[in-house]
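Peer 1: Following this message is one structure expressed as structure tokens.
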Amino acid sequence: MDSDVLIEVLRGRKPEILQQWHDLALSSEAVYYSPVSAAEVGHGMRERERLAVERLFAALTCMPIDEEIGRRAGKFLQAFHASHGLELGDALIAATAAVYELMLWTQNRKHFPMKEVRFFVEH
């Protein structure tokens with residue numbers, strides 16, 4: 001789960017995201033996030049959103065960042081920083097999805113040009 005989707009779920013501005021979130025919540029699928037997303041959401045969180053943010057993350061599973069993910073993120077940065085403007089946060093999120101073989105739900109596919117990354121929601 002990319003930070004941009006989590007933010008949309010919290011703010012509720014895009015009905016299509018909320019519907020997909022609702023459908024996912026009713027399924028048996030587990031939903032995972034990176035500690036990077038927790039940092040990004042926390043950084044932009046408004047105080048009045050704190051309880052909703054805490055509840056949202058409590059319903060999800062955090063996938064740890066380890067050495068393998070760090071190395072994979074470094075390779076992604078080498079390959080895509082100059083050509084695509086890849087930043088460390090997105091590289092770590094992509095590496096987490098790739099290492100754990102999880103599908104990534106994001107609204108910004110251009111931030112994730114890696115062939116190893118599979119996407120959750122097809123446009």
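As shown in the structure tokens, the chain order sets the letters A, B, ...; within each chain, residues go from 1, and ligands are also counted from 1 in the order they appear.
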Could you give me the residues within region 22-76 of chain A that DSSP places in strand (DSSP E or B), as a list in words?

Peer 2: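 Answer for region 22-76 of chain A restricted to strand (DSSP E or B) is Tyr32, Tyr33, Thr61 and Cys62 of chain A.
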
Peer 1: Next, the residues of the selection above should be written as a PDB file, in the first residue's frame with C-alpha atoms.

Peer 2:
ATOM      1  CA  TYR A  32       0.401  -4.493   4.067  1.00  0.00           C
ATOM      2  CA  TYR A  33       2.328  -1.247   4.315  1.00  0.00           C
ATOM      3  CA  THR A  61       0.272  -5.239   8.700  1.00  0.00           C
ATOM      4  CA  CYS A  62       3.621  -3.491   8.613  1.00  0.00           C
TER       5      CYS A  62
END

Peer 1: Dump as CSV the rows for residues of region 3-45 of chain A within 9 Å of region 71-90 of chain A: closest atom pair and distance in Å with one decimal, only C-alpha atoms counted, ordered by chain and rising residue number.

Peer 2:
residue,atom,partner,partner_atom,distance
A:Val36,CA,A:Gly89,CA,6.0
A:Ser37,CA,A:Gly89,CA,8.1
A:Glu40,CA,A:Gly89,CA,8.5

Peer 1: A:Ala39, A:Leu60, A:Ala52, A:Ala97: which is nearest Leu24 (chain A), counting only C-alpha atoms?

Peer 2: A:Leu60

Peer 1: Give the helix (DSSP H, G or I) residues of chain A, as assigned by DSSP on the backbone, as a count of residues only.

Peer 2: 76

Peer 1: Have a look at CA of Leu26 (chain A) and CA of Gly42 (chain A) and let me know their distance in Å, one decimal.

Peer 2: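 Taking CA of Leu26 (chain A) and CA of Gly42 (chain A), their separation equals 25.9 Å.
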
Peer 1: Which is closer to Val117 (chain A) than all the others in A:Asp2, A:Glu101, A:Glu8, A:Glu16, using only C-alpha atoms?

Peer 2: A:Glu101

Peer 1: Give the answer as one residue: which of A:Ile93, A:Ile17, A:Leu10, A:Ala25 has the shortest atom-to-atom distance to Glu54 (chain A), using only C-alpha atoms?

Peer 2: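 Smallest distance to Glu54 (chain A) is found for A:Leu10.
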
Peer 1: Which of these residues is nearest to Ala58 (chain A), using only C-alpha atoms: A:Ala95, A:Ala38, A:Gly44, A:Ser28?

Peer 2: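 The shortest atom-to-atom distance to Ala58 (chain A) comes from A:Ala38.
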
Peer 1: Measuring atom to atom with only C-alpha atoms, identify which of A:Ser3, A:Asn108, A:Ser34, A:Gln19 is nearest to Met63 (chain A).

Peer 2: A:Ser34

Peer 1: Rank A:Leu51, A:Ala91, A:Val41, A:Leu56 by their smallest atom-to-atom distance to Trp21 (chain A), using only C-alpha atoms, and report the top residue only.

Peer 2: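 Residue with the minimum atom-to-atom distance to Trp21 (chain A): A:Leu56.
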
Peer 1: Between CA of Pro35 (chain A) and CA of Phe112 (chain A), what distance in Å does the model show, to one decimal?

Peer 2: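 We find that CA of Pro35 (chain A) and CA of Phe112 (chain A) lie 17.4 Å from each other.
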
Peer 1: Find the spatial neighbours of Arg118 (chain A), counting only C-alpha atoms, within a cut-off of 12 Å - ignore same-chain residues fewer than 6 positions away - and output them as a PDB file with N, CA and C atoms, in the first residue's frame.

Peer 2:
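Output file result07.pdb follows:
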ATOM      1  N   MET A   1       0.847  -1.161   0.000  1.00  0.00           N
ATOM      2  CA  MET A   1       0.000   0.000   0.000  1.00  0.00           C
ATOM      3  C   MET A   1       0.897   1.229   0.000  1.00  0.00           C
ATOM      4  N   ALA A  94       8.891   0.159  -3.085  1.00  0.00           N
ATOM      5  CA  ALA A  94       8.974  -0.760  -4.223  1.00  0.00           C
ATOM      6  C   ALA A  94       9.759  -2.012  -3.862  1.00  0.00           C
ATOM      7  N   ALA A  95      10.865  -1.831  -3.176  1.00  0.00           N
ATOM      8  CA  ALA A  95      11.694  -2.976  -2.793  1.00  0.00           C
ATOM      9  C   ALA A  95      10.940  -3.891  -1.835  1.00  0.00           C
ATOM     10  N   THR A  96      10.170  -3.315  -0.923  1.00  0.00           N
ATOM     11  CA  THR A  96       9.379  -4.116   0.007  1.00  0.00           C
ATOM     12  C   THR A  96       8.378  -4.972  -0.759  1.00  0.00           C
ATOM     13  N   ALA A  97       7.675  -4.341  -1.699  1.00  0.00           N
ATOM     14  CA  ALA A  97       6.706  -5.089  -2.507  1.00  0.00           C
ATOM     15  C   ALA A  97       7.401  -6.183  -3.314  1.00  0.00           C
ATOM     16  N   ALA A  98       8.542  -5.861  -3.900  1.00  0.00           N
ATOM     17  CA  ALA A  98       9.252  -6.834  -4.732  1.00  0.00           C
ATOM     18  C   ALA A  98       9.786  -8.004  -3.906  1.00  0.00           C
ATOM     19  N   VAL A  99      10.414  -7.712  -2.793  1.00  0.00           N
ATOM     20  CA  VAL A  99      11.017  -8.773  -1.973  1.00  0.00           C
ATOM     21  C   VAL A  99       9.947  -9.705  -1.409  1.00  0.00           C
ATOM     22  N   TYR A 100       8.860  -9.144  -0.927  1.00  0.00           N
ATOM     23  CA  TYR A 100       7.797  -9.968  -0.345  1.00  0.00           C
ATOM     24  C   TYR A 100       6.800 -10.472  -1.393  1.00  0.00           C
ATOM     25  N   GLU A 101       7.039 -10.123  -2.660  1.00  0.00           N
ATOM     26  CA  GLU A 101       6.179 -10.528  -3.781  1.00  0.00           C
ATOM     27  C   GLU A 101       4.726 -10.121  -3.548  1.00  0.00           C
ATOM     28  N   LEU A 102       4.562  -8.859  -3.157  1.00  0.00           N
ATOM     29  CA  LEU A 102       3.244  -8.283  -2.919  1.00  0.00           C
ATOM     30  C   LEU A 102       2.875  -7.348  -4.058  1.00  0.00           C
ATOM     31  N   MET A 103       1.591  -7.215  -4.319  1.00  0.00           N
ATOM     32  CA  MET A 103       1.137  -6.237  -5.295  1.00  0.00           C
ATOM     33  C   MET A 103       1.070  -4.877  -4.624  1.00  0.00           C
ATOM     34  N   LEU A 104       1.471  -3.850  -5.348  1.00  0.00           N
ATOM     35  CA  LEU A 104       1.501  -2.494  -4.819  1.00  0.00           C
ATOM     36  C   LEU A 104       0.295  -1.712  -5.314  1.00  0.00           C
ATOM     37  N   TRP A 105      -0.421  -1.105  -4.387  1.00  0.00           N
ATOM     38  CA  TRP A 105      -1.535  -0.230  -4.740  1.00  0.00           C
ATOM     39  C   TRP A 105      -1.034   1.194  -4.618  1.00  0.00           C
ATOM     40  N   THR A 106      -0.970   1.877  -5.737  1.00  0.00           N
ATOM     41  CA  THR A 106      -0.507   3.255  -5.793  1.00  0.00           C
ATOM     42  C   THR A 106      -1.297   4.010  -6.845  1.00  0.00           C
ATOM     43  N   ARG A 109       1.889   5.299 -10.585  1.00  0.00           N
ATOM     44  CA  ARG A 109       2.685   4.215 -11.178  1.00  0.00           C
ATOM     45  C   ARG A 109       3.976   4.699 -11.813  1.00  0.00           C
ATOM     46  N   PHE A 112       7.090   4.102  -9.999  1.00  0.00           N
ATOM     47  CA  PHE A 112       7.503   2.709  -9.803  1.00  0.00           C
ATOM     48  C   PHE A 112       7.726   2.010 -11.151  1.00  0.00           C
TER      49      PHE A 112
END

Peer 1: So that I can check the surroundings of Arg55 (chain A), please list as a ChimeraX atom specification every protein, DNA and RNA residue that reaches within 12 Å of it, counting only C-alpha atoms and ignoring chain neighbours fewer than 6 positions away.

Peer 2: /A:6,9-10,49

Peer 1: Go ahead and dump the residues you just picked, C-alpha atoms, as a short mmCIF file (atom, residue, chain, number, x, y, z; two decimals), in the first residue's frame.

Peer 2:
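This went into selection.cif:
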data_model
loop_
_atom_site.label_atom_id
_atom_site.label_comp_id
_atom_site.auth_asym_id
_atom_site.auth_seq_id
_atom_site.Cartn_x
_atom_site.Cartn_y
_atom_site.Cartn_z
CA LEU A 6 -3.62 5.62 2.46
CA VAL A 9 -8.59 6.60 2.25
CA LEU A 10 -8.16 8.91 5.23
CA GLU A 49 -6.65 13.01 11.86
#
